[in-house]
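Printed here is structure_32.pdb (PDB, C-alpha atoms):
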MODEL        1
ATOM      1  CA  MET A   5     121.229 -45.151  43.265  1.00  0.00           C
ATOM      2  CA  ARG A   6     123.760 -47.502  44.867  1.00  0.00           C
ATOM      3  CA  VAL A   7     122.478 -48.832  48.197  1.00  0.00           C
ATOM      4  CA  VAL A   8     124.359 -50.646  50.948  1.00  0.00           C
ATOM      5  CA  ILE A   9     122.525 -52.391  53.789  1.00  0.00           C
ATOM      6  CA  LEU A  10     124.748 -53.000  56.827  1.00  0.00           C
ATOM      7  CA  GLU A  11     122.614 -55.351  58.904  1.00  0.00           C
ATOM      8  CA  ASP A  12     123.562 -58.524  60.820  1.00  0.00           C
ATOM      9  CA  GLU A  13     120.065 -60.037  60.822  1.00  0.00           C
ATOM     10  CA  PRO A  14     119.629 -61.835  57.454  1.00  0.00           C
ATOM     11  CA  VAL A  15     115.833 -61.788  57.599  1.00  0.00           C
ATOM     12  CA  ALA A  16     115.723 -58.064  58.349  1.00  0.00           C
ATOM     13  CA  ALA A  17     118.256 -57.314  55.604  1.00  0.00           C
ATOM     14  CA  ARG A  18     116.350 -59.265  52.939  1.00  0.00           C
ATOM     15  CA  GLN A  19     113.050 -57.745  54.012  1.00  0.00           C
ATOM     16  CA  LEU A  20     114.504 -54.266  53.663  1.00  0.00           C
ATOM     17  CA  GLU A  21     115.866 -55.140  50.226  1.00  0.00           C
ATOM     18  CA  LYS A  22     112.439 -56.353  49.094  1.00  0.00           C
ATOM     19  CA  MET A  23     110.764 -53.222  50.419  1.00  0.00           C
ATOM     20  CA  LEU A  24     113.219 -51.012  48.542  1.00  0.00           C
ATOM     21  CA  ARG A  25     112.859 -52.917  45.254  1.00  0.00           C
ATOM     22  CA  ARG A  26     109.080 -52.606  45.232  1.00  0.00           C
ATOM     23  CA  MET A  27     109.184 -48.890  46.013  1.00  0.00           C
ATOM     24  CA  GLU A  28     107.925 -46.934  43.007  1.00  0.00           C
ATOM     25  CA  GLY A  29     110.058 -44.172  41.588  1.00  0.00           C
ATOM     26  CA  LEU A  30     113.255 -45.296  43.297  1.00  0.00           C
ATOM     27  CA  ASN A  31     115.972 -45.739  40.687  1.00  0.00           C
ATOM     28  CA  ILE A  32     118.225 -48.388  42.280  1.00  0.00           C
ATOM     29  CA  SER A  33     121.246 -49.592  40.346  1.00  0.00           C
ATOM     30  CA  SER A  34     122.510 -51.963  43.044  1.00  0.00           C
ATOM     31  CA  ILE A  35     121.787 -53.177  46.579  1.00  0.00           C
ATOM     32  CA  SER A  36     124.601 -54.764  48.583  1.00  0.00           C
ATOM     33  CA  ILE A  37     124.079 -56.484  51.935  1.00  0.00           C
ATOM     34  CA  CYS A  38     126.859 -56.769  54.537  1.00  0.00           C
ATOM     35  CA  ASP A  39     126.400 -58.485  57.883  1.00  0.00           C
ATOM     36  CA  ASN A  40     129.496 -57.246  59.733  1.00  0.00           C
ATOM     37  CA  VAL A  41     131.488 -54.058  60.217  1.00  0.00           C
ATOM     38  CA  GLN A  42     134.605 -55.219  58.374  1.00  0.00           C
ATOM     39  CA  ASP A  43     132.752 -56.182  55.196  1.00  0.00           C
ATOM     40  CA  GLY A  44     130.650 -53.065  55.482  1.00  0.00           C
ATOM     41  CA  ARG A  45     133.708 -50.828  55.616  1.00  0.00           C
ATOM     42  CA  GLU A  46     135.169 -52.440  52.505  1.00  0.00           C
ATOM     43  CA  ARG A  47     131.921 -52.126  50.573  1.00  0.00           C
ATOM     44  CA  ILE A  48     131.455 -48.501  51.580  1.00  0.00           C
ATOM     45  CA  LYS A  49     134.934 -47.671  50.305  1.00  0.00           C
ATOM     46  CA  GLU A  50     133.880 -48.968  46.874  1.00  0.00           C
ATOM     47  CA  GLY A  51     131.292 -46.199  46.633  1.00  0.00           C
ATOM     48  CA  LEU A  52     127.581 -45.810  47.382  1.00  0.00           C
ATOM     49  CA  ASP A  53     124.796 -43.254  47.503  1.00  0.00           C
ATOM     50  CA  LEU A  54     122.688 -44.441  50.441  1.00  0.00           C
ATOM     51  CA  LEU A  55     123.619 -46.508  53.519  1.00  0.00           C
ATOM     52  CA  PHE A  56     121.103 -48.297  55.734  1.00  0.00           C
ATOM     53  CA  LEU A  57     122.952 -48.841  59.009  1.00  0.00           C
ATOM     54  CA  ASP A  58     122.022 -51.019  61.970  1.00  0.00           C
ATOM     55  CA  LEU A  59     123.497 -49.648  65.209  1.00  0.00           C
ATOM     56  CA  ASN A  60     124.162 -53.047  66.796  1.00  0.00           C
ATOM     57  CA  LEU A  61     126.240 -55.259  64.495  1.00  0.00           C
ATOM     58  CA  ARG A  62     127.221 -58.499  66.238  1.00  0.00           C
ATOM     59  CA  GLY A  63     128.254 -56.559  69.291  1.00  0.00           C
ATOM     60  CA  SER A  64     129.988 -53.806  67.310  1.00  0.00           C
ATOM     61  CA  ALA A  65     128.758 -50.239  67.480  1.00  0.00           C
ATOM     62  CA  GLY A  66     127.251 -48.962  64.279  1.00  0.00           C
ATOM     63  CA  PHE A  67     128.157 -45.491  65.517  1.00  0.00           C
ATOM     64  CA  ASP A  68     131.807 -46.344  64.842  1.00  0.00           C
ATOM     65  CA  VAL A  69     130.959 -46.780  61.158  1.00  0.00           C
ATOM     66  CA  LEU A  70     128.825 -43.648  61.201  1.00  0.00           C
ATOM     67  CA  LYS A  71     131.620 -41.518  62.660  1.00  0.00           C
ATOM     68  CA  GLU A  72     134.296 -43.006  60.415  1.00  0.00           C
ATOM     69  CA  PHE A  73     132.512 -42.318  57.146  1.00  0.00           C
ATOM     70  CA  LEU A  74     130.368 -39.276  57.906  1.00  0.00           C
ATOM     71  CA  SER A  75     132.807 -37.038  56.034  1.00  0.00           C
ATOM     72  CA  GLU A  76     131.972 -38.968  52.845  1.00  0.00           C
ATOM     73  CA  PRO A  77     129.270 -37.636  50.486  1.00  0.00           C
ATOM     74  CA  PHE A  78     126.669 -40.413  50.866  1.00  0.00           C
ATOM     75  CA  GLU A  79     123.476 -40.345  52.917  1.00  0.00           C
ATOM     76  CA  THR A  80     122.726 -42.575  55.901  1.00  0.00           C
ATOM     77  CA  ILE A  81     119.451 -43.918  57.287  1.00  0.00           C
ATOM     78  CA  ILE A  82     119.601 -45.740  60.629  1.00  0.00           C
ATOM     79  CA  THR A  83     117.633 -48.988  61.057  1.00  0.00           C
ATOM     80  CA  THR A  84     117.563 -50.213  64.644  1.00  0.00           C
ATOM     81  CA  ALA A  85     115.462 -51.822  67.350  1.00  0.00           C
ATOM     82  CA  TYR A  86     116.557 -49.169  69.823  1.00  0.00           C
ATOM     83  CA  PRO A  87     114.762 -45.800  69.746  1.00  0.00           C
ATOM     84  CA  ASP A  88     116.880 -44.070  72.384  1.00  0.00           C
ATOM     85  CA  HIS A  89     119.859 -43.098  70.199  1.00  0.00           C
ATOM     86  CA  ALA A  90     117.949 -41.011  67.664  1.00  0.00           C
ATOM     87  CA  LEU A  91     119.065 -37.575  68.854  1.00  0.00           C
ATOM     88  CA  GLU A  92     122.738 -38.559  68.855  1.00  0.00           C
ATOM     89  CA  ALA A  93     122.421 -40.067  65.372  1.00  0.00           C
ATOM     90  CA  PHE A  94     120.766 -36.924  63.970  1.00  0.00           C
ATOM     91  CA  GLN A  95     123.548 -34.820  65.447  1.00  0.00           C
ATOM     92  CA  TYR A  96     125.967 -36.749  63.260  1.00  0.00           C
ATOM     93  CA  GLY A  97     123.978 -35.924  60.144  1.00  0.00           C
ATOM     94  CA  VAL A  98     121.950 -39.056  59.373  1.00  0.00           C
ATOM     95  CA  ARG A  99     118.981 -38.533  57.080  1.00  0.00           C
ATOM     96  CA  ASP A 100     116.437 -40.496  59.142  1.00  0.00           C
ATOM     97  CA  TYR A 101     116.110 -42.964  62.024  1.00  0.00           C
ATOM     98  CA  LEU A 102     113.887 -46.024  61.523  1.00  0.00           C
ATOM     99  CA  VAL A 103     112.886 -48.138  64.491  1.00  0.00           C
ATOM    100  CA  LYS A 104     112.197 -51.795  63.643  1.00  0.00           C
ATOM    101  CA  PRO A 105     109.759 -53.019  62.633  1.00  0.00           C
ATOM    102  CA  PHE A 106     108.841 -50.244  60.198  1.00  0.00           C
ATOM    103  CA  SER A 107     106.259 -50.114  57.433  1.00  0.00           C
ATOM    104  CA  ASP A 108     106.617 -49.513  53.705  1.00  0.00           C
ATOM    105  CA  GLU A 109     105.102 -46.084  54.246  1.00  0.00           C
ATOM    106  CA  ARG A 110     107.650 -45.158  56.924  1.00  0.00           C
ATOM    107  CA  LEU A 111     110.505 -46.388  54.734  1.00  0.00           C
ATOM    108  CA  HIS A 112     109.176 -44.380  51.797  1.00  0.00           C
ATOM    109  CA  GLN A 113     109.034 -41.301  54.009  1.00  0.00           C
ATOM    110  CA  ALA A 114     112.672 -41.786  55.001  1.00  0.00           C
ATOM    111  CA  VAL A 115     113.917 -42.365  51.460  1.00  0.00           C
ATOM    112  CA  SER A 116     111.940 -39.380  50.173  1.00  0.00           C
ATOM    113  CA  ARG A 117     114.148 -37.182  52.371  1.00  0.00           C
ATOM    114  CA  VAL A 118     117.196 -38.095  50.338  1.00  0.00           C
ATOM    115  CA  PRO A 119     119.050 -36.023  49.283  1.00  0.00           C
ATOM    116  CA  MET A 120     117.606 -32.912  50.907  1.00  0.00           C
ATOM    117  CA  PRO A 121     115.398 -32.610  54.008  1.00  0.00           C
ATOM    118  CA  GLU A 122     113.418 -29.614  55.116  1.00  0.00           C
ATOM    119  CA  PRO A 123     115.212 -27.718  57.867  1.00  0.00           C
ATOM    120  CA  SER A 124     112.584 -28.617  60.479  1.00  0.00           C
ATOM    121  CA  GLU A 125     112.701 -32.351  59.872  1.00  0.00           C
ATOM    122  CA  SER A 126     116.033 -33.046  61.572  1.00  0.00           C
ATOM    123  CA  PRO A 127     117.867 -31.526  64.537  1.00  0.00           C
ATOM    124  CA  ALA A 128     120.719 -29.191  63.679  1.00  0.00           C
ATOM    125  CA  LEU A 129     124.201 -30.593  63.348  1.00  0.00           C
ATOM    126  CA  VAL A 130     126.461 -30.371  66.385  1.00  0.00           C
ATOM    127  CA  ASN A 131     129.572 -31.796  64.715  1.00  0.00           C
ATOM    128  CA  ILE A 132     130.783 -32.175  61.143  1.00  0.00           C
ATOM    129  CA  MET A 133     133.132 -35.090  60.563  1.00  0.00           C
ATOM    130  CA  VAL A 134     136.110 -34.209  58.369  1.00  0.00           C
ATOM    131  CA  LYS A 135     139.343 -35.850  57.334  1.00  0.00           C
ATOM    132  CA  ASP A 136     142.423 -34.063  58.695  1.00  0.00           C
ATOM    133  CA  ARG A 137     145.425 -35.726  57.059  1.00  0.00           C
ATOM    134  CA  GLU A 138     144.624 -39.426  57.612  1.00  0.00           C
ATOM    135  CA  THR A 139     142.429 -38.970  60.664  1.00  0.00           C
ATOM    136  CA  ILE A 140     138.662 -38.515  60.862  1.00  0.00           C
ATOM    137  CA  ILE A 141     137.883 -35.807  63.410  1.00  0.00           C
ATOM    138  CA  PRO A 142     134.675 -34.158  64.616  1.00  0.00           C
ATOM    139  CA  VAL A 143     134.581 -30.393  64.076  1.00  0.00           C
ATOM    140  CA  SER A 144     132.146 -28.605  66.359  1.00  0.00           C
ATOM    141  CA  VAL A 145     129.923 -26.220  64.418  1.00  0.00           C
ATOM    142  CA  ASP A 146     130.537 -23.728  67.232  1.00  0.00           C
ATOM    143  CA  THR A 147     134.117 -23.376  65.936  1.00  0.00           C
ATOM    144  CA  ILE A 148     133.091 -22.569  62.327  1.00  0.00           C
ATOM    145  CA  LYS A 149     132.746 -19.006  61.064  1.00  0.00           C
ATOM    146  CA  LEU A 150     132.555 -19.462  57.292  1.00  0.00           C
ATOM    147  CA  ILE A 151     131.865 -22.219  54.778  1.00  0.00           C
ATOM    148  CA  ARG A 152     132.743 -21.942  51.098  1.00  0.00           C
ATOM    149  CA  SER A 153     131.721 -24.255  48.295  1.00  0.00           C
ATOM    150  CA  ALA A 154     134.634 -26.040  46.623  1.00  0.00           C
ATOM    151  CA  GLY A 155     133.059 -28.040  43.804  1.00  0.00           C
ATOM    152  CA  ASP A 156     131.539 -31.184  45.324  1.00  0.00           C
ATOM    153  CA  TYR A 157     133.170 -30.316  48.661  1.00  0.00           C
ATOM    154  CA  CYS A 158     133.125 -27.471  51.158  1.00  0.00           C
ATOM    155  CA  GLU A 159     135.899 -25.575  52.904  1.00  0.00           C
ATOM    156  CA  LEU A 160     135.355 -24.933  56.605  1.00  0.00           C
ATOM    157  CA  TYR A 161     136.952 -21.760  57.965  1.00  0.00           C
ATOM    158  CA  LEU A 162     137.420 -22.096  61.711  1.00  0.00           C
ATOM    159  CA  VAL A 163     137.595 -19.330  64.305  1.00  0.00           C
ATOM    160  CA  SER A 164     141.130 -20.520  65.051  1.00  0.00           C
ATOM    161  CA  GLY A 165     142.177 -19.632  61.495  1.00  0.00           C
ATOM    162  CA  LYS A 166     142.443 -23.236  60.380  1.00  0.00           C
ATOM    163  CA  GLN A 167     140.796 -24.412  57.144  1.00  0.00           C
ATOM    164  CA  LEU A 168     139.506 -27.951  56.618  1.00  0.00           C
ATOM    165  CA  LEU A 169     137.938 -29.678  53.624  1.00  0.00           C
ATOM    166  CA  CYS A 170     134.555 -31.321  54.154  1.00  0.00           C
ATOM    167  CA  SER A 171     132.974 -33.679  51.627  1.00  0.00           C
ATOM    168  CA  LYS A 172     129.398 -32.773  52.529  1.00  0.00           C
ATOM    169  CA  ARG A 173     127.604 -30.700  49.904  1.00  0.00           C
ATOM    170  CA  MET A 174     126.721 -27.030  50.399  1.00  0.00           C
ATOM    171  CA  ASP A 175     122.972 -27.735  50.085  1.00  0.00           C
ATOM    172  CA  PHE A 176     123.196 -30.418  52.773  1.00  0.00           C
ATOM    173  CA  LEU A 177     124.980 -28.131  55.230  1.00  0.00           C
ATOM    174  CA  ALA A 178     122.684 -25.190  54.474  1.00  0.00           C
ATOM    175  CA  HIS A 179     119.699 -27.216  55.685  1.00  0.00           C
ATOM    176  CA  ARG A 180     121.351 -28.799  58.717  1.00  0.00           C
ATOM    177  CA  LEU A 181     123.283 -26.035  60.455  1.00  0.00           C
ATOM    178  CA  PRO A 182     121.938 -24.093  63.482  1.00  0.00           C
ATOM    179  CA  ASP A 183     119.930 -20.899  63.005  1.00  0.00           C
ATOM    180  CA  ASP A 184     122.909 -18.616  63.571  1.00  0.00           C
ATOM    181  CA  PHE A 185     124.349 -19.757  60.239  1.00  0.00           C
ATOM    182  CA  MET A 186     123.015 -18.184  57.067  1.00  0.00           C
ATOM    183  CA  ARG A 187     123.546 -18.731  53.378  1.00  0.00           C
ATOM    184  CA  VAL A 188     124.628 -15.390  51.936  1.00  0.00           C
ATOM    185  CA  HIS A 189     125.539 -16.570  48.446  1.00  0.00           C
ATOM    186  CA  ARG A 190     125.104 -19.773  46.470  1.00  0.00           C
ATOM    187  CA  THR A 191     128.748 -20.563  47.352  1.00  0.00           C
ATOM    188  CA  VAL A 192     128.966 -19.200  50.912  1.00  0.00           C
ATOM    189  CA  ILE A 193     127.477 -19.849  54.353  1.00  0.00           C
ATOM    190  CA  VAL A 194     128.439 -17.505  57.208  1.00  0.00           C
ATOM    191  CA  ARG A 195     127.932 -17.518  60.951  1.00  0.00           C
ATOM    192  CA  ILE A 196     125.977 -14.295  61.516  1.00  0.00           C
ATOM    193  CA  THR A 197     127.884 -13.440  64.705  1.00  0.00           C
ATOM    194  CA  GLN A 198     131.110 -13.416  62.661  1.00  0.00           C
ATOM    195  CA  ILE A 199     129.904 -10.676  60.287  1.00  0.00           C
ATOM    196  CA  SER A 200     131.345  -7.295  61.273  1.00  0.00           C
ATOM    197  CA  GLY A 201     129.587  -5.289  58.568  1.00  0.00           C
ATOM    198  CA  ILE A 202     128.132  -5.066  55.073  1.00  0.00           C
ATOM    199  CA  LYS A 203     129.901  -3.350  52.199  1.00  0.00           C
ATOM    200  CA  VAL A 204     127.864  -1.946  49.291  1.00  0.00           C
ATOM    201  CA  GLU A 205     129.527  -1.249  45.954  1.00  0.00           C
ATOM    202  CA  GLY A 206     128.283   0.152  42.677  1.00  0.00           C
ATOM    203  CA  GLY A 207     126.151  -1.918  40.383  1.00  0.00           C
ATOM    204  CA  GLY A 208     124.185  -3.450  43.239  1.00  0.00           C
ATOM    205  CA  ARG A 209     127.095  -5.516  44.531  1.00  0.00           C
ATOM    206  CA  TYR A 210     127.142  -6.499  48.203  1.00  0.00           C
ATOM    207  CA  PHE A 211     129.841  -7.997  50.410  1.00  0.00           C
ATOM    208  CA  ALA A 212     130.003  -9.220  53.999  1.00  0.00           C
ATOM    209  CA  LEU A 213     133.006  -8.407  56.162  1.00  0.00           C
ATOM    210  CA  VAL A 214     133.819 -11.536  58.178  1.00  0.00           C
ATOM    211  CA  ASN A 215     136.089 -11.532  61.218  1.00  0.00           C
ATOM    212  CA  GLY A 216     139.544 -12.836  60.361  1.00  0.00           C
ATOM    213  CA  VAL A 217     138.822 -13.157  56.621  1.00  0.00           C
ATOM    214  CA  LEU A 218     140.867 -10.725  54.543  1.00  0.00           C
ATOM    215  CA  GLU A 219     138.726 -10.679  51.396  1.00  0.00           C
ATOM    216  CA  PRO A 220     135.100  -9.479  51.659  1.00  0.00           C
ATOM    217  CA  VAL A 221     132.616 -12.300  51.123  1.00  0.00           C
ATOM    218  CA  PRO A 222     130.140 -11.910  48.222  1.00  0.00           C
ATOM    219  CA  VAL A 223     126.487 -11.555  49.156  1.00  0.00           C
ATOM    220  CA  GLY A 224     123.751 -12.516  46.714  1.00  0.00           C
ATOM    221  CA  ARG A 225     121.084  -9.909  46.084  1.00  0.00           C
ATOM    222  CA  LYS A 226     118.304 -12.199  47.246  1.00  0.00           C
ATOM    223  CA  TYR A 227     120.044 -12.658  50.625  1.00  0.00           C
ATOM    224  CA  TYR A 228     120.923  -9.009  51.290  1.00  0.00           C
ATOM    225  CA  LYS A 229     117.720  -7.912  53.055  1.00  0.00           C
ATOM    226  CA  ASP A 230     117.681 -11.011  55.257  1.00  0.00           C
ATOM    227  CA  ILE A 231     121.274 -10.405  56.325  1.00  0.00           C
ATOM    228  CA  LYS A 232     120.525  -6.776  57.166  1.00  0.00           C
ATOM    229  CA  ALA A 233     117.551  -7.896  59.221  1.00  0.00           C
ATOM    230  CA  LYS A 234     119.638 -10.517  61.037  1.00  0.00           C
ATOM    231  CA  LEU A 235     122.244  -7.901  61.853  1.00  0.00           C
ATOM    232  CA  GLY A 236     119.511  -5.551  63.061  1.00  0.00           C
ATOM    233  CA  GLU A 237     120.472  -2.845  60.583  1.00  0.00           C
ATOM    234  CA  GLY A 238     117.105  -2.559  58.811  1.00  0.00           C
ATOM    235  CA  GLU A 239     116.812  -1.020  55.342  1.00  0.00           C
ATOM    236  CA  THR A 240     119.348   1.225  53.663  1.00  0.00           C
TER
ENDMDL
END
This entry written out as C-alpha cells:
Amino acid sequence: MRVVILEDEPVAARQLEKMLRRMEGLNISSISICDNVQDGRERIKEGLDLLFLDLNLRGSAGFDVLKEFLSEPFETIITTAYPDHALEAFQYGVRDYLVKPFSDERLHQAVSRVPMPEPSESPALVNIMVKDRETIIPVSVDTIKLIRSAGDYCELYLVSGKQLLCSKRMDFLAHRLPDDFMRVHRTVIVRITQISGIKVEGGGRYFALVNGVLEPVPVGRKYYKDIKAKLGEGET
C-alpha cells in the first residue's frame, strides 16, 4: 500500500507515520509526507493507494484537493482538528474522518474500512467527481440512472443522455449510493425509479428495461427477487 500524508504540522505528520508503521497487518510499501498543497498535488499524481488529508493546509482548503482528485481510484481519510466538516467530507466519498488527536485504535478502525465499508458506516454520496475533458466536475447522483462497470472504471449514464467515465470502482459505488440505487448484476447498478419493467427470457435469463437505454440491462439471478420486490411486483 502506497500512503501519502498531506499534513502541514510536522509533529502530527510524523506521529501518524509512526502509528501506521506499527500497525499490524498493514502492508505498506511507502509513506510520503507533504506539508503543502502544491507538493501534495505532485505526489498524488505519481500514484498512491491511501491519502491522509488535513483540511487546513497553511491557510489552503484541503477540500480543494479532495474535490480535484476524488475522481481518482485511491481512498481518502481526513485528519483534522475541526469536527464540523464531517458530513460534507463524507458526501464527497472519503473513507473516514479522524478528529485530532486520535488513538491507535481509532486509526486502526479507519484503515480497516479500506477498501470497502459497510453501507451503514458512511452517509450516501451526494456527488461523484468525474473528469469531463480536462475539467473535474461534480455529478449529482440524482442525475444518474445507470452505472456500468468498465474494467477498473465505471460509466455513468445520466438522465440527460450523457455518458461520463468515473474512476471509482463498482464495489465502492455499490456501497455508497443512496437506497434508490440497486446492483442488478455484477457489472450494473440501476436507479430503481428508472426501471420501466422486467423482461424474462428462456433459460432463466432476466433483463431490466431502463428508461432511455435501448438495450435491456442484464439482471443476475440472485438479484431478480429483490428487484421485483422493489418494483412492487411480487413473485411471478
Ground truth for the PyMOL selection byres ((chain A and resi 215) around 8), written as a PyMOL selection string: chain A and resi 198-200+213-214+216-217
Same residues, C-alpha atoms, saved as a compact mmCIF listing (two decimals), in the frame of the given file:
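Output file selection-v1.txt is given in full below:
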# COMPACT_ATOMS: atom_id res chain seq x y z
CA GLN A 198 131.11 -13.42 62.66
CA ILE A 199 129.90 -10.68 60.29
CA SER A 200 131.34 -7.30 61.27
CA LEU A 213 133.01 -8.41 56.16
CA VAL A 214 133.82 -11.54 58.18
CA GLY A 216 139.54 -12.84 60.36
CA VAL A 217 138.82 -13.16 56.62
Ground truth for the PyMOL selection byres ((chain A and resi 130) around 6), written as a list in words: Gln95, Leu129, Asn131, Ser144 and Val145 of chain A
Nearest candidate to Asn60 (chain A) (options A:Val41, A:Met174, A:Met186, A:Leu235; using all atoms listed in the file):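 Using all atoms listed in the file, the shortest distance to Asn60 (chain A) belongs to A:Val41.
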Work out how far apart CA of Phe211 (chain A) and CA of Val223 (chain A) are and give it in Å to one decimal. 5.0 Å
For the provided coordinates, the residues matched by the PyMOL selection byres ((chain A and resi 164) around 12) should be stated as number ranges by chain. A: 143, 146-150, 160-163, 165-168, 215-217
Around (119.7, -53.1, 66.2) in the file's frame, which residues reach within 6 Å when counting all atoms listed in the file? Return as a ChimeraX atom specification? /A:58-60,84-85
Using all atoms listed in the file, pick whichever of A:Asp136, A:Glu50, A:Glu159, A:Asp12 has the shortest atom-to-atom distance to Cys38 (chain A). A:Asp12
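Ranking A:Ile196, A:Cys158, A:Leu30, A:Leu61 by their shortest atom-to-atom distance to Gln42 (chain A), with only C-alpha atoms included, puts A:Leu61 first.
Considering the residues A:Pro14, A:Pro87, A:Pro142, A:Gly51 and counting all atoms listed in the file, Glu72 (chain A) has its shortest atom-to-atom contact with A:Pro142.
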Which polymer residues, whether protein, DNA or RNA, lie within 12 Å of the coordinate (110.0, -50.9, 66.7) when you count all atoms listed in the file? List them as a CSV table (one decimal) with C-alpha atoms, in the coordinates of the input, using the chain letters and numbers from the file.
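Listed below is the output, out.csv:
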chain,number,residue,atom,x,y,z
A,83,THR,CA,117.6,-49.0,61.1
A,84,THR,CA,117.6,-50.2,64.6
A,85,ALA,CA,115.5,-51.8,67.4
A,86,TYR,CA,116.6,-49.2,69.8
A,87,PRO,CA,114.8,-45.8,69.7
A,88,ASP,CA,116.9,-44.1,72.4
A,101,TYR,CA,116.1,-43.0,62.0
A,102,LEU,CA,113.9,-46.0,61.5
A,103,VAL,CA,112.9,-48.1,64.5
A,104,LYS,CA,112.2,-51.8,63.6
A,105,PRO,CA,109.8,-53.0,62.6
A,106,PHE,CA,108.8,-50.2,60.2
A,107,SER,CA,106.3,-50.1,57.4
A,110,ARG,CA,107.6,-45.2,56.9
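Coordinates place CA of Gly97 (chain A) at a distance of 10.7 Å from CA of Phe78 (chain A).
Between CA of Cys170 (chain A) and CA of Pro220 (chain A) there is a distance of 22.0 Å.
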So that I can see what lies close to Gly236 (chain A), please list as a PDB file with C-alpha atoms, keeping the file's coordinate frame the residues with an atom at most 12 Å from it, counting only C-alpha atoms and leaving out residues fewer than 3 positions away in the same chain.
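File produced: out14.pdb:
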ATOM      1  CA  ILE A 196     125.977 -14.295  61.516  1.00  0.00           C
ATOM      2  CA  THR A 197     127.884 -13.440  64.705  1.00  0.00           C
ATOM      3  CA  ILE A 199     129.904 -10.676  60.287  1.00  0.00           C
ATOM      4  CA  GLY A 201     129.587  -5.289  58.568  1.00  0.00           C
ATOM      5  CA  ILE A 202     128.132  -5.066  55.073  1.00  0.00           C
ATOM      6  CA  LYS A 229     117.720  -7.912  53.055  1.00  0.00           C
ATOM      7  CA  ASP A 230     117.681 -11.011  55.257  1.00  0.00           C
ATOM      8  CA  ILE A 231     121.274 -10.405  56.325  1.00  0.00           C
ATOM      9  CA  LYS A 232     120.525  -6.776  57.166  1.00  0.00           C
ATOM     10  CA  ALA A 233     117.551  -7.896  59.221  1.00  0.00           C
ATOM     11  CA  GLU A 239     116.812  -1.020  55.342  1.00  0.00           C
ATOM     12  CA  THR A 240     119.348   1.225  53.663  1.00  0.00           C
TER      13      THR A 240
END
Choose the residue, out of A:Arg6, A:His179, A:His189, A:Arg137, that has the smallest atom-to-atom separation from Leu24 (chain A); count all atoms listed in the file. A:Arg6
Restricting the calculation to only C-alpha atoms, which member of A:Ala114, A:Met133, A:Val98, A:Val194 is positioned closest to Arg180 (chain A)?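 Among A:Ala114, A:Met133, A:Val98, A:Val194, it is A:Val98 that comes nearest to Arg180 (chain A).
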Kindly complete region 105-117 of chain A to N, CA and C atoms; the output should be written as a PDB file, keeping the file's coordinate frame.
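The file below, result.pdb, is the result:
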ATOM      1  N   PRO A 105     110.035 -52.846  64.066  1.00  0.00           N
ATOM      2  CA  PRO A 105     109.759 -53.019  62.633  1.00  0.00           C
ATOM      3  C   PRO A 105     109.128 -51.744  62.064  1.00  0.00           C
ATOM      4  N   PHE A 106     109.404 -51.433  60.818  1.00  0.00           N
ATOM      5  CA  PHE A 106     108.841 -50.244  60.198  1.00  0.00           C
ATOM      6  C   PHE A 106     108.081 -50.636  58.932  1.00  0.00           C
ATOM      7  N   SER A 107     107.142 -49.819  58.557  1.00  0.00           N
ATOM      8  CA  SER A 107     106.259 -50.114  57.433  1.00  0.00           C
ATOM      9  C   SER A 107     106.846 -49.612  56.116  1.00  0.00           C
ATOM     10  N   ASP A 108     106.232 -50.027  55.021  1.00  0.00           N
ATOM     11  CA  ASP A 108     106.617 -49.513  53.705  1.00  0.00           C
ATOM     12  C   ASP A 108     106.436 -48.004  53.649  1.00  0.00           C
ATOM     13  N   GLU A 109     105.378 -47.512  54.268  1.00  0.00           N
ATOM     14  CA  GLU A 109     105.102 -46.084  54.246  1.00  0.00           C
ATOM     15  C   GLU A 109     106.185 -45.303  54.992  1.00  0.00           C
ATOM     16  N   ARG A 110     106.605 -45.839  56.140  1.00  0.00           N
ATOM     17  CA  ARG A 110     107.650 -45.158  56.924  1.00  0.00           C
ATOM     18  C   ARG A 110     108.984 -45.192  56.182  1.00  0.00           C
ATOM     19  N   LEU A 111     109.281 -46.295  55.524  1.00  0.00           N
ATOM     20  CA  LEU A 111     110.505 -46.388  54.734  1.00  0.00           C
ATOM     21  C   LEU A 111     110.464 -45.401  53.578  1.00  0.00           C
ATOM     22  N   HIS A 112     109.319 -45.318  52.913  1.00  0.00           N
ATOM     23  CA  HIS A 112     109.176 -44.380  51.797  1.00  0.00           C
ATOM     24  C   HIS A 112     109.379 -42.945  52.274  1.00  0.00           C
ATOM     25  N   GLN A 113     108.860 -42.634  53.448  1.00  0.00           N
ATOM     26  CA  GLN A 113     109.034 -41.301  54.009  1.00  0.00           C
ATOM     27  C   GLN A 113     110.508 -40.998  54.234  1.00  0.00           C
ATOM     28  N   ALA A 114     111.241 -41.983  54.738  1.00  0.00           N
ATOM     29  CA  ALA A 114     112.672 -41.786  55.001  1.00  0.00           C
ATOM     30  C   ALA A 114     113.445 -41.588  53.708  1.00  0.00           C
ATOM     31  N   VAL A 115     113.184 -42.438  52.725  1.00  0.00           N
ATOM     32  CA  VAL A 115     113.917 -42.365  51.460  1.00  0.00           C
ATOM     33  C   VAL A 115     113.579 -41.076  50.714  1.00  0.00           C
ATOM     34  N   SER A 116     112.347 -40.602  50.868  1.00  0.00           N
ATOM     35  CA  SER A 116     111.940 -39.380  50.173  1.00  0.00           C
ATOM     36  C   SER A 116     112.712 -38.165  50.683  1.00  0.00           C
ATOM     37  N   ARG A 117     113.354 -38.284  51.820  1.00  0.00           N
ATOM     38  CA  ARG A 117     114.148 -37.182  52.371  1.00  0.00           C
ATOM     39  C   ARG A 117     115.563 -37.141  51.801  1.00  0.00           C
TER      40      ARG A 117
END
